[in-house]
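*Asks:* final_1.txt (compact mmCIF, C-alpha atoms) pasted underneath:
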```
# COMPACT_ATOMS: atom_id res chain seq x y z
CA GLY A 1 -35.73 24.10 56.31
CA THR A 2 -36.72 22.35 59.53
CA LEU A 3 -34.73 21.89 62.72
CA LEU A 4 -35.64 18.58 64.33
CA ARG A 5 -34.82 16.40 67.33
CA TYR A 6 -34.21 12.75 66.48
CA GLY A 7 -33.23 11.51 69.94
CA SER A 8 -33.19 12.38 73.62
CA GLY A 9 -29.64 13.72 73.80
CA SER A 10 -28.89 17.43 73.57
CA CYS A 11 -26.73 16.73 70.52
CA HIS A 12 -29.42 14.76 68.67
CA VAL A 13 -30.36 17.65 66.39
CA ALA A 14 -30.61 17.74 62.61
CA PHE A 15 -31.54 20.32 60.00
CA THR A 16 -33.40 19.14 56.93
CA ARG A 17 -34.24 21.03 53.75
CA GLY A 18 -37.01 19.95 51.39
CA THR A 19 -40.19 17.86 51.54
CA HIS A 20 -39.26 14.90 49.36
CA ALA A 21 -39.35 11.23 50.32
CA ARG A 22 -35.68 10.73 49.47
CA HIS A 23 -32.99 12.06 51.79
CA VAL A 24 -29.29 12.82 51.44
CA VAL A 25 -27.70 12.93 54.91
CA MET A 26 -24.41 14.77 55.37
CA VAL A 27 -21.90 13.48 57.95
CA GLY A 28 -18.79 15.58 58.48
CA GLY A 29 -15.34 14.65 59.75
CA LEU A 30 -13.34 15.42 62.87
CA THR A 31 -14.27 18.83 64.43
CA ASP A 32 -17.18 19.28 61.99
CA GLY A 33 -20.79 20.05 62.82
CA LEU A 34 -23.49 21.59 60.68
CA TRP A 35 -22.25 23.07 57.39
CA ALA A 36 -19.24 20.79 57.48
CA THR A 37 -17.80 21.89 54.12
CA GLN A 38 -18.20 24.66 51.56
CA TYR A 39 -20.06 22.32 49.22
CA VAL A 40 -22.93 21.75 51.68
CA GLY A 41 -24.99 24.72 50.45
CA PRO A 42 -24.63 24.10 46.71
CA MET A 43 -25.20 20.36 47.14
CA ALA A 44 -28.31 20.92 49.27
CA ALA A 45 -29.83 23.18 46.61
CA ALA A 46 -28.89 20.83 43.77
CA VAL A 47 -30.25 17.62 45.28
CA GLU A 48 -33.49 19.34 46.28
CA ARG A 49 -34.04 20.36 42.66
CA CYS A 50 -33.63 16.69 41.74
CA GLY A 51 -36.19 15.40 44.23
CA TRP A 52 -34.11 14.82 47.37
CA CYS A 53 -34.17 16.40 50.81
CA PHE A 54 -30.80 17.37 52.28
CA THR A 55 -30.23 16.72 55.98
CA GLN A 56 -27.32 17.81 58.15
CA THR A 57 -26.91 16.28 61.57
CA LEU A 58 -25.09 16.66 64.84
CA LEU A 59 -23.73 13.62 66.68
CA SER A 60 -22.10 13.06 70.06
CA SER A 61 -18.80 13.16 68.17
CA SER A 62 -19.43 16.53 66.48
CA HIS A 63 -16.98 19.38 67.00
CA HIS A 64 -14.53 18.22 69.73
CA GLY A 65 -16.71 15.35 70.94
CA TYR A 66 -15.00 12.74 68.78
CA GLY A 67 -12.22 12.21 71.32
CA THR A 68 -14.59 10.58 73.78
CA SER A 69 -16.88 8.92 71.23
CA SER A 70 -16.55 5.98 68.82
CA LEU A 71 -17.59 4.73 65.40
CA ASP A 72 -20.12 2.42 67.03
CA ARG A 73 -21.80 5.31 68.83
CA ASP A 74 -21.86 7.38 65.64
CA ALA A 75 -23.45 4.46 63.76
CA GLU A 76 -26.06 3.99 66.49
CA GLU A 77 -26.99 7.69 66.38
CA LEU A 78 -27.15 7.78 62.59
CA ALA A 79 -29.40 4.71 62.61
CA MET A 80 -31.59 6.54 65.13
CA LEU A 81 -31.78 9.53 62.80
CA PHE A 82 -32.66 7.32 59.84
CA ARG A 83 -35.47 5.61 61.75
CA HIS A 84 -36.78 9.05 62.70
CA LEU A 85 -36.68 10.26 59.09
CA ARG A 86 -38.49 7.17 57.85
CA LYS A 87 -41.17 7.39 60.57
CA VAL A 88 -41.72 11.15 60.82
CA LYS A 89 -40.64 12.41 57.39
CA ASN A 90 -41.76 9.30 55.46
CA ALA A 91 -38.30 8.86 53.96
CA ASN A 92 -38.14 5.83 51.67
CA GLU A 93 -34.51 6.10 50.49
CA ILE A 94 -31.57 7.53 52.42
CA VAL A 95 -28.07 8.12 51.09
CA VAL A 96 -25.19 9.12 53.38
CA VAL A 97 -22.56 11.58 52.23
CA GLY A 98 -19.53 11.10 54.48
CA HIS A 99 -16.72 13.64 54.45
CA SER A 100 -13.26 12.62 55.71
CA THR A 101 -13.67 10.67 58.97
CA GLY A 102 -17.40 10.74 58.24
CA CYS A 103 -16.55 8.08 55.66
CA GLN A 104 -15.65 5.70 58.49
CA ASP A 105 -19.03 6.44 60.06
CA ALA A 106 -20.79 5.58 56.80
CA VAL A 107 -18.87 2.34 56.37
CA ARG A 108 -19.54 1.28 59.97
CA LEU A 109 -23.22 2.19 59.64
CA ALA A 110 -23.58 -0.01 56.56
CA ALA A 111 -22.09 -2.91 58.52
CA SER A 112 -24.05 -2.56 61.75
CA ALA A 113 -27.45 -0.98 61.11
CA LYS A 114 -30.54 -3.11 60.65
CA GLY A 115 -33.97 -2.49 59.16
CA ASP A 116 -35.02 1.15 58.93
CA GLY A 117 -31.62 2.25 60.28
CA ARG A 118 -29.73 1.03 57.23
CA PRO A 119 -28.58 3.41 54.48
CA ASP A 120 -29.61 2.74 50.88
CA GLY A 121 -26.39 4.15 49.44
CA LEU A 122 -23.11 5.81 50.39
CA VAL A 123 -21.01 8.67 49.08
CA LEU A 124 -17.50 8.58 50.55
CA GLN A 125 -15.82 11.94 49.91
CA ALA A 126 -12.14 12.04 50.94
CA PRO A 127 -11.83 8.59 52.53
CA VAL A 128 -8.32 9.07 53.90
CA SER A 129 -6.20 7.39 56.55
CA ASP A 130 -6.15 9.24 59.87
CA ARG A 131 -3.29 6.94 60.87
CA GLU A 132 -1.06 7.80 57.91
CA CYS A 133 -1.86 11.49 58.31
CA TYR A 134 -0.89 11.44 61.99
CA GLN A 135 2.36 9.63 61.19
CA GLN A 136 3.61 12.83 59.57
CA ARG A 137 4.06 14.23 63.09
CA GLU A 138 7.58 13.81 64.48
CA ASP A 139 6.23 12.77 67.89
CA ALA A 140 3.60 10.34 66.54
CA ASP A 141 5.28 7.17 67.78
CA GLU A 142 5.72 8.61 71.29
CA TRP A 143 2.02 9.39 71.63
CA ILE A 144 1.00 6.02 70.20
CA GLN A 145 3.25 4.22 72.66
CA MET A 146 1.81 6.23 75.56
CA ALA A 147 -1.74 5.35 74.50
CA ARG A 148 -0.83 1.67 74.19
CA GLU A 149 0.65 1.66 77.67
CA MET A 150 -2.49 3.29 79.08
CA ALA A 151 -4.66 0.67 77.36
CA ASN A 152 -2.46 -2.14 78.72
CA ARG A 153 -2.99 -0.76 82.23
CA GLY A 154 -6.76 -0.81 81.75
CA GLU A 155 -6.90 2.98 81.31
CA GLU A 156 -8.17 3.05 77.74
CA GLU A 157 -11.09 5.33 78.67
CA GLU A 158 -8.78 7.87 80.35
CA ILE A 159 -7.82 11.12 78.60
CA LEU A 160 -4.35 11.50 77.10
CA PRO A 161 -2.28 14.58 78.06
CA ARG A 162 -2.88 17.82 76.20
CA GLY A 163 -1.16 17.82 72.82
CA ALA A 164 -1.92 14.26 71.79
CA ASP A 165 -4.69 15.22 69.41
CA ALA A 166 -3.75 17.31 66.39
CA CYS A 167 -6.97 19.36 66.65
CA GLY A 168 -6.76 19.95 70.39
CA ALA A 169 -9.68 17.76 71.45
CA PRO A 170 -9.65 15.83 74.73
CA ILE A 171 -9.16 12.24 73.58
CA THR A 172 -9.20 8.87 75.30
CA ALA A 173 -6.46 6.34 74.74
CA LYS A 174 -9.05 4.04 73.15
CA ARG A 175 -10.22 6.56 70.53
CA PHE A 176 -6.67 7.73 69.91
CA LEU A 177 -5.58 4.18 69.09
CA SER A 178 -8.69 3.66 66.99
CA LEU A 179 -7.70 6.62 64.83
CA HIS A 180 -3.91 6.35 64.81
CA ASP A 181 -2.71 2.81 65.51
CA LEU A 182 -2.23 0.08 62.92
CA GLY A 183 -5.38 -2.00 62.76
CA GLY A 184 -7.41 0.51 64.80
CA ASP A 185 -11.17 0.66 64.46
CA ASP A 186 -10.89 3.69 62.15
CA ASP A 187 -8.07 2.20 60.07
CA MET A 188 -10.08 1.50 56.90
CA PHE A 189 -8.38 3.39 54.09
CA SER A 190 -4.62 3.18 54.73
CA SER A 191 -2.42 2.66 51.68
CA ASP A 192 -0.18 0.11 53.45
CA LEU A 193 -3.04 -2.31 54.09
CA THR A 194 -3.04 -5.38 51.85
CA ASP A 195 -5.87 -6.07 49.42
CA GLU A 196 -7.11 -8.77 51.79
CA GLU A 197 -7.07 -6.37 54.75
CA LEU A 198 -8.96 -3.74 52.76
CA GLU A 199 -11.56 -6.28 51.71
CA LYS A 200 -12.02 -7.33 55.34
CA ARG A 201 -12.77 -3.70 56.23
CA LEU A 202 -14.81 -2.72 53.16
CA GLY A 203 -16.08 -5.97 51.66
CA HIS A 204 -19.47 -5.71 53.35
CA LEU A 205 -20.25 -2.79 51.02
CA ASP A 206 -20.57 -5.25 48.15
CA GLY A 207 -24.15 -4.81 47.00
CA VAL A 208 -24.50 -1.33 48.52
CA PRO A 209 -24.46 1.45 45.88
CA THR A 210 -21.35 3.43 46.80
CA LEU A 211 -19.60 6.42 45.26
CA MET A 212 -15.98 7.02 46.30
CA VAL A 213 -14.66 10.49 45.58
CA LEU A 214 -10.94 11.05 46.09
CA SER A 215 -9.06 14.32 45.60
CA GLU A 216 -5.92 14.41 43.49
CA GLN A 217 -4.27 17.01 45.76
CA ASP A 218 -5.61 15.90 49.16
CA GLU A 219 -3.36 17.51 51.76
CA TYR A 220 -4.13 14.85 54.37
CA VAL A 221 -2.89 11.77 52.52
CA LYS A 222 0.59 10.29 52.67
CA PRO A 223 2.97 12.32 50.46
CA GLY A 224 3.37 10.83 46.98
CA LEU A 225 0.25 8.65 47.15
CA ASN A 226 -1.41 8.29 43.74
CA ALA A 227 -5.12 8.97 44.19
CA LEU A 228 -6.26 6.93 41.19
CA GLU A 229 -4.20 3.86 42.06
CA HIS A 230 -5.10 3.96 45.73
CA GLY A 231 -8.75 4.71 45.02
CA SER A 232 -8.92 1.75 42.65
CA ARG A 233 -7.73 -0.55 45.43
CA LEU A 234 -10.35 0.83 47.82
CA ALA A 235 -13.12 0.53 45.22
CA ASN A 236 -12.16 -3.04 44.35
CA ALA A 237 -12.26 -3.99 48.02
CA ALA A 238 -15.73 -2.45 48.40
CA GLY A 239 -17.25 -4.50 45.58
CA ALA A 240 -18.93 -4.28 42.22
CA LYS A 241 -21.44 -1.55 43.10
CA THR A 242 -18.73 0.95 44.01
CA ARG A 243 -17.87 3.69 41.54
CA LEU A 244 -14.63 5.67 41.81
CA GLU A 245 -14.19 9.34 40.90
CA VAL A 246 -10.96 11.32 41.29
CA ILE A 247 -11.30 15.12 41.28
CA GLU A 248 -8.29 16.52 39.45
CA GLY A 249 -6.60 19.30 41.40
CA GLY A 250 -9.04 18.94 44.29
CA ASN A 251 -8.02 19.30 47.91
CA HIS A 252 -9.41 17.47 50.95
CA ALA A 253 -12.67 19.42 51.31
CA LEU A 254 -12.94 20.35 47.61
CA GLY A 255 -13.33 24.04 48.44
CA ASP A 256 -12.31 25.07 44.91
CA HIS A 257 -14.03 22.15 43.19
CA THR A 258 -17.54 22.28 44.62
CA ARG A 259 -19.21 22.20 41.21
CA ASN A 260 -17.23 19.11 40.19
CA LEU A 261 -18.36 17.20 43.26
CA VAL A 262 -22.00 18.27 43.00
CA ASP A 263 -22.14 17.21 39.34
CA VAL A 264 -20.61 13.80 40.12
CA VAL A 265 -23.00 13.16 43.01
CA LEU A 266 -26.07 14.20 41.01
CA GLN A 267 -25.08 11.96 38.11
CA TRP A 268 -24.56 9.03 40.47
CA LEU A 269 -27.89 9.60 42.26
CA LYS A 270 -29.76 9.67 38.95
CA TRP A 271 -28.04 6.46 37.84
CA HIS A 272 -28.61 4.39 41.00
CA PHE A 273 -31.90 5.93 42.16
CA PRO A 274 -33.82 6.78 38.98
```
Would you encode the structure as structure tokens?
*Replies:*
Amino acid sequence: GTLLRYGSGSCHVAFTRGTHARHVVMVGGLTDGLWATQYVGPMAAAVERCGWCFTQTLLSSSHHGYGTSSLDRDAEELAMLFRHLRKVKNANEIVVVGHSTGCQDAVRLAASAKGDGRPDGLVLQAPVSDRECYQQREDADEWIQMAREMANRGEEEEILPRGADACGAPITAKRFLSLHDLGGDDDMFSSDLTDEELEKRLGHLDGVPTLMVLSEQDEYVKPGLNALEHGSRLANAAGAKTRLEVIEGGNHALGDHTRNLVDVVLQWLKWHFP
């Protein structure tokens, strides 16, 4: 593969495998960087055999950088990467595979990017609610109230005390509320949102080939949530070109169901990008 720089920042680094004109770009979730999940290797090999390059990227939000970043910055950096791939690597079609919070990045990118920065398709693997996951903490409401008070005082860019973030990252009040407050910027997939609210967040995907892959046993979703029923609501909100797949028995990162995911993605790529 090839290690490349797509921007001027020290984090603007990507690793691409293959020499094809089509690219699958992997975007991980919170705390992820390169090799975000166990399925990265098998998927990279499989898509290359089918005529696609596989690109992994770092962003300002990679690893513990997400606490001081935003969806808008992620979308800007991904658009920068896409323009680089189209100019330098002659990419003519680019599909994003978002994992976990990387799904929010993919959705925001589809809404904001223009021209050569736009994706041609999306794979949303484990689009879950960071807000509903955080609510399982006993002290969730206390931290949310503290962040709201900081924002009301004009301190939204200040860092919350240690312990606010479940993964230990330094996090601003603004990003914390984006991830964990009702109606936050990242609040796209919550099960308590109405159909109208989901459509407001996902409706711009109508016309964009999108594959949603939910896991039946995702450990980060609200207890008791039915993956098929919830996934159907998300897919309906995203429009007619969205296909839903539920991996039976799969967990959040599909560590034990890599082959299932790779097969589903390959089938979808062949269908939408023959």
*Asks:* Determine the nearest neighbour of A:Gly183 from the options A:Asp256, A:Glu248, A:Asp105, A:Asp130, counting all atoms listed in the file.
*Replies:*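 That would be A:Asp130, the residue with the smallest distance to A:Gly183.
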*Asks:* Which residue, A:Thr37, A:Glu77, A:Val246, A:Ile144, has the smallest gap to A:Val264 when you use all atoms listed in the file?
*Replies:*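 Selected residue with least distance to A:Val264: A:Val246.
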*Asks:* Between A:Asp141, A:Asp74, A:Asp263, A:Glu155, which one has atoms that come closest to A:Gly29, using all atoms listed in the file?
*Replies:*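 The answer is A:Asp74, which sits nearest to A:Gly29.
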*Asks:* I'd like the neighbourhood of stretch 175-179 of chain A as a PyMOL selection string, where a residue qualifies if any of its atoms comes within 12 Å (using only C-alpha atoms), though same-chain residues fewer than 5 positions away should be ignored.
*Replies:* chain A and resi 30+61+65-73+101+104+128-135+140-141+143-152+155-161+163-166+169-170+184-190
*Asks:* For a quick check of your reading of the model, name the residues lying within 9 Å of the coordinate (-14.5, -3.5, 46.9), counting all atoms listed in the file, and write them as an MDAnalysis selection string.
*Replies:* chainID A and resid 198:199 202:206 232:242
*Asks:* Just give me the gap between atom CA of A:Ile247 and atom CA of A:Leu214 in Å, one decimal is fine.
*Replies:*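 Answer for the atom CA of A:Ile247 to atom CA of A:Leu214 separation: 6.3 Å.
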*Asks:* Env of A:Leu124: 10 Å cut, atoms = all atoms listed in the file, seq-sep filter 5 positions within chain, self excluded. Answer as a list in words.
*Replies:*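 Selected residues are Val27, Val96, Val97, Gly98, His99, Ser100, Thr101, Gly102, Cys103, Gln104, Asp105, Ala106, Val107, Thr210, Leu211, Met212, Val213, Leu214 and Leu244 of chain A.
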*Asks:* Just to be explicit: take each residue in the selection above, keep C-alpha atoms, and write the result as an mmCIF file, in the frame of the given file.
*Replies:*
```
data_model
loop_
_atom_site.group_PDB
_atom_site.id
_atom_site.type_symbol
_atom_site.label_atom_id
_atom_site.label_comp_id
_atom_site.auth_asym_id
_atom_site.auth_seq_id
_atom_site.Cartn_x
_atom_site.Cartn_y
_atom_site.Cartn_z
ATOM 1 C CA VAL A 27 -21.900 13.480 57.950
ATOM 2 C CA VAL A 96 -25.190 9.120 53.380
ATOM 3 C CA VAL A 97 -22.560 11.580 52.230
ATOM 4 C CA GLY A 98 -19.530 11.100 54.480
ATOM 5 C CA HIS A 99 -16.720 13.640 54.450
ATOM 6 C CA SER A 100 -13.260 12.620 55.710
ATOM 7 C CA THR A 101 -13.670 10.670 58.970
ATOM 8 C CA GLY A 102 -17.400 10.740 58.240
ATOM 9 C CA CYS A 103 -16.550 8.080 55.660
ATOM 10 C CA GLN A 104 -15.650 5.700 58.490
ATOM 11 C CA ASP A 105 -19.030 6.440 60.060
ATOM 12 C CA ALA A 106 -20.790 5.580 56.800
ATOM 13 C CA VAL A 107 -18.870 2.340 56.370
ATOM 14 C CA THR A 210 -21.350 3.430 46.800
ATOM 15 C CA LEU A 211 -19.600 6.420 45.260
ATOM 16 C CA MET A 212 -15.980 7.020 46.300
ATOM 17 C CA VAL A 213 -14.660 10.490 45.580
ATOM 18 C CA LEU A 214 -10.940 11.050 46.090
ATOM 19 C CA LEU A 244 -14.630 5.670 41.810
#
```
*Asks:* Restricting the calculation to all atoms listed in the file: of A:Gln38, A:Thr172, A:Thr19, A:Thr55, which residue gets closest to A:Leu261?
*Replies:*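 Using all atoms listed in the file, A:Leu261 sits closest to A:Gln38.
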*Asks:* Give me the residues near A:Ala79 as a list in words, where near means some atom within 9 Å (using only C-alpha atoms) and where sequence neighbours in that chain fewer than 5 positions away do not count.
*Replies:* Asp74, His84, Leu109, Ala113, Lys114, Asp116, Gly117, Arg118 and Pro119 of chain A
*Asks:* Please indicate the distance in Å from atom CA of A:Leu122 to atom CA of A:Val47, rounded to one decimal place.
*Replies:*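 Value for the atom CA of A:Leu122-atom CA of A:Val47 distance: 14.7 Å.
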*Asks:* What is the atom CA of A:His63-atom CA of A:Gly9 distance in Å, reported with one decimal?
*Replies:* 15.4 Å
*Asks:* Using only C-alpha atoms, which of the listed residues (A:Leu59, A:Ala227, A:Ala126, A:Cys53) sits closest to A:Glu76?
*Replies:* A:Leu59
*Asks:* Which residue gives the smallest distance to A:Thr194 among A:Asp218, A:Glu48, A:Ala253, A:His230, with all atoms listed in the file counted?
*Replies:*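 Using all atoms listed in the file, the shortest distance to A:Thr194 belongs to A:His230.
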*Asks:* May I have the protein, DNA and RNA residues with any atom at most 12 Å from the point (-28.9, 15.6, 57.3), counting only C-alpha atoms, written as a compact mmCIF listing (two decimals) with C-alpha atoms, in the coordinates of the input?
*Replies:*
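part-v6.txt, freshly written:
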```txt
# COMPACT_ATOMS: atom_id res chain seq x y z
CA GLY A 1 -35.73 24.10 56.31
CA THR A 2 -36.72 22.35 59.53
CA LEU A 3 -34.73 21.89 62.72
CA LEU A 4 -35.64 18.58 64.33
CA ARG A 5 -34.82 16.40 67.33
CA TYR A 6 -34.21 12.75 66.48
CA HIS A 12 -29.42 14.76 68.67
CA VAL A 13 -30.36 17.65 66.39
CA ALA A 14 -30.61 17.74 62.61
CA PHE A 15 -31.54 20.32 60.00
CA THR A 16 -33.40 19.14 56.93
CA ARG A 17 -34.24 21.03 53.75
CA GLY A 18 -37.01 19.95 51.39
CA ARG A 22 -35.68 10.73 49.47
CA HIS A 23 -32.99 12.06 51.79
CA VAL A 24 -29.29 12.82 51.44
CA VAL A 25 -27.70 12.93 54.91
CA MET A 26 -24.41 14.77 55.37
CA VAL A 27 -21.90 13.48 57.95
CA GLY A 28 -18.79 15.58 58.48
CA GLY A 33 -20.79 20.05 62.82
CA LEU A 34 -23.49 21.59 60.68
CA TRP A 35 -22.25 23.07 57.39
CA ALA A 36 -19.24 20.79 57.48
CA VAL A 40 -22.93 21.75 51.68
CA MET A 43 -25.20 20.36 47.14
CA ALA A 44 -28.31 20.92 49.27
CA TRP A 52 -34.11 14.82 47.37
CA CYS A 53 -34.17 16.40 50.81
CA PHE A 54 -30.80 17.37 52.28
CA THR A 55 -30.23 16.72 55.98
CA GLN A 56 -27.32 17.81 58.15
CA THR A 57 -26.91 16.28 61.57
CA LEU A 58 -25.09 16.66 64.84
CA LEU A 59 -23.73 13.62 66.68
CA LEU A 78 -27.15 7.78 62.59
CA LEU A 81 -31.78 9.53 62.80
CA PHE A 82 -32.66 7.32 59.84
CA HIS A 84 -36.78 9.05 62.70
CA LEU A 85 -36.68 10.26 59.09
CA ILE A 94 -31.57 7.53 52.42
CA VAL A 95 -28.07 8.12 51.09
CA VAL A 96 -25.19 9.12 53.38
CA VAL A 97 -22.56 11.58 52.23
CA GLY A 98 -19.53 11.10 54.48
```
*Asks:* Put the listed atoms of stretch 96-106 of chain A in a box along x, y and z with 5 Å added on every side and give me the centre and edge lengths in Å to one decimal, as AutoDock Vina command-line options.
*Replies:*
```
--center_x -19.2 --center_y 9.6 --center_z 56.1 --size_x 21.9 --size_y 18.1 --size_z 17.8
```
*Asks:* With N, CA and C atoms as the target, complete stretch 69-87 of chain A and hand it back as an mmCIF file, in the frame of the given file.
*Replies:*
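What landed in result-v8.cif:
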```cif
data_model
loop_
_atom_site.group_PDB
_atom_site.id
_atom_site.type_symbol
_atom_site.label_atom_id
_atom_site.label_comp_id
_atom_site.auth_asym_id
_atom_site.auth_seq_id
_atom_site.Cartn_x
_atom_site.Cartn_y
_atom_site.Cartn_z
ATOM 1 N N SER A 69 -15.823 9.679 71.882
ATOM 2 C CA SER A 69 -16.880 8.920 71.230
ATOM 3 C C SER A 69 -16.266 7.733 70.488
ATOM 4 N N SER A 70 -17.022 7.152 69.560
ATOM 5 C CA SER A 70 -16.550 5.980 68.820
ATOM 6 C C SER A 70 -17.345 5.829 67.537
ATOM 7 N N LEU A 71 -16.844 5.014 66.623
ATOM 8 C CA LEU A 71 -17.590 4.730 65.400
ATOM 9 C C LEU A 71 -18.897 4.032 65.708
ATOM 10 N N ASP A 72 -18.887 3.137 66.686
ATOM 11 C CA ASP A 72 -20.120 2.420 67.030
ATOM 12 C C ASP A 72 -21.197 3.384 67.522
ATOM 13 N N ARG A 73 -20.808 4.349 68.351
ATOM 14 C CA ARG A 73 -21.800 5.310 68.830
ATOM 15 C C ARG A 73 -22.312 6.169 67.686
ATOM 16 N N ASP A 74 -21.421 6.600 66.804
ATOM 17 C CA ASP A 74 -21.860 7.380 65.640
ATOM 18 C C ASP A 74 -22.858 6.580 64.811
ATOM 19 N N ALA A 75 -22.559 5.300 64.571
ATOM 20 C CA ALA A 75 -23.450 4.460 63.760
ATOM 21 C C ALA A 75 -24.803 4.292 64.444
ATOM 22 N N GLU A 76 -24.801 4.124 65.753
ATOM 23 C CA GLU A 76 -26.060 3.990 66.490
ATOM 24 C C GLU A 76 -26.896 5.275 66.365
ATOM 25 N N GLU A 77 -26.251 6.434 66.467
ATOM 26 C CA GLU A 77 -26.990 7.690 66.380
ATOM 27 C C GLU A 77 -27.488 7.962 64.974
ATOM 28 N N LEU A 78 -26.695 7.617 63.969
ATOM 29 C CA LEU A 78 -27.150 7.780 62.590
ATOM 30 C C LEU A 78 -28.328 6.861 62.296
ATOM 31 N N ALA A 79 -28.274 5.624 62.789
ATOM 32 C CA ALA A 79 -29.400 4.710 62.610
ATOM 33 C C ALA A 79 -30.652 5.264 63.282
ATOM 34 N N MET A 80 -30.477 5.907 64.442
ATOM 35 C CA MET A 80 -31.590 6.540 65.130
ATOM 36 C C MET A 80 -32.188 7.658 64.281
ATOM 37 N N LEU A 81 -31.315 8.460 63.680
ATOM 38 C CA LEU A 81 -31.780 9.530 62.800
ATOM 39 C C LEU A 81 -32.542 8.961 61.604
ATOM 40 N N PHE A 82 -32.015 7.904 61.008
ATOM 41 C CA PHE A 82 -32.660 7.320 59.840
ATOM 42 C C PHE A 82 -34.051 6.781 60.190
ATOM 43 N N ARG A 83 -34.156 6.112 61.334
ATOM 44 C CA ARG A 83 -35.470 5.610 61.750
ATOM 45 C C ARG A 83 -36.450 6.765 61.959
ATOM 46 N N HIS A 84 -35.942 7.870 62.506
ATOM 47 C CA HIS A 84 -36.780 9.050 62.700
ATOM 48 C C HIS A 84 -37.246 9.612 61.350
ATOM 49 N N LEU A 85 -36.320 9.714 60.403
ATOM 50 C CA LEU A 85 -36.680 10.260 59.090
ATOM 51 C C LEU A 85 -37.693 9.373 58.381
ATOM 52 N N ARG A 86 -37.548 8.074 58.511
ATOM 53 C CA ARG A 86 -38.490 7.170 57.850
ATOM 54 C C ARG A 86 -39.868 7.224 58.520
ATOM 55 N N LYS A 87 -39.895 7.381 59.850
ATOM 56 C CA LYS A 87 -41.170 7.390 60.570
ATOM 57 C C LYS A 87 -41.869 8.745 60.492
#
```
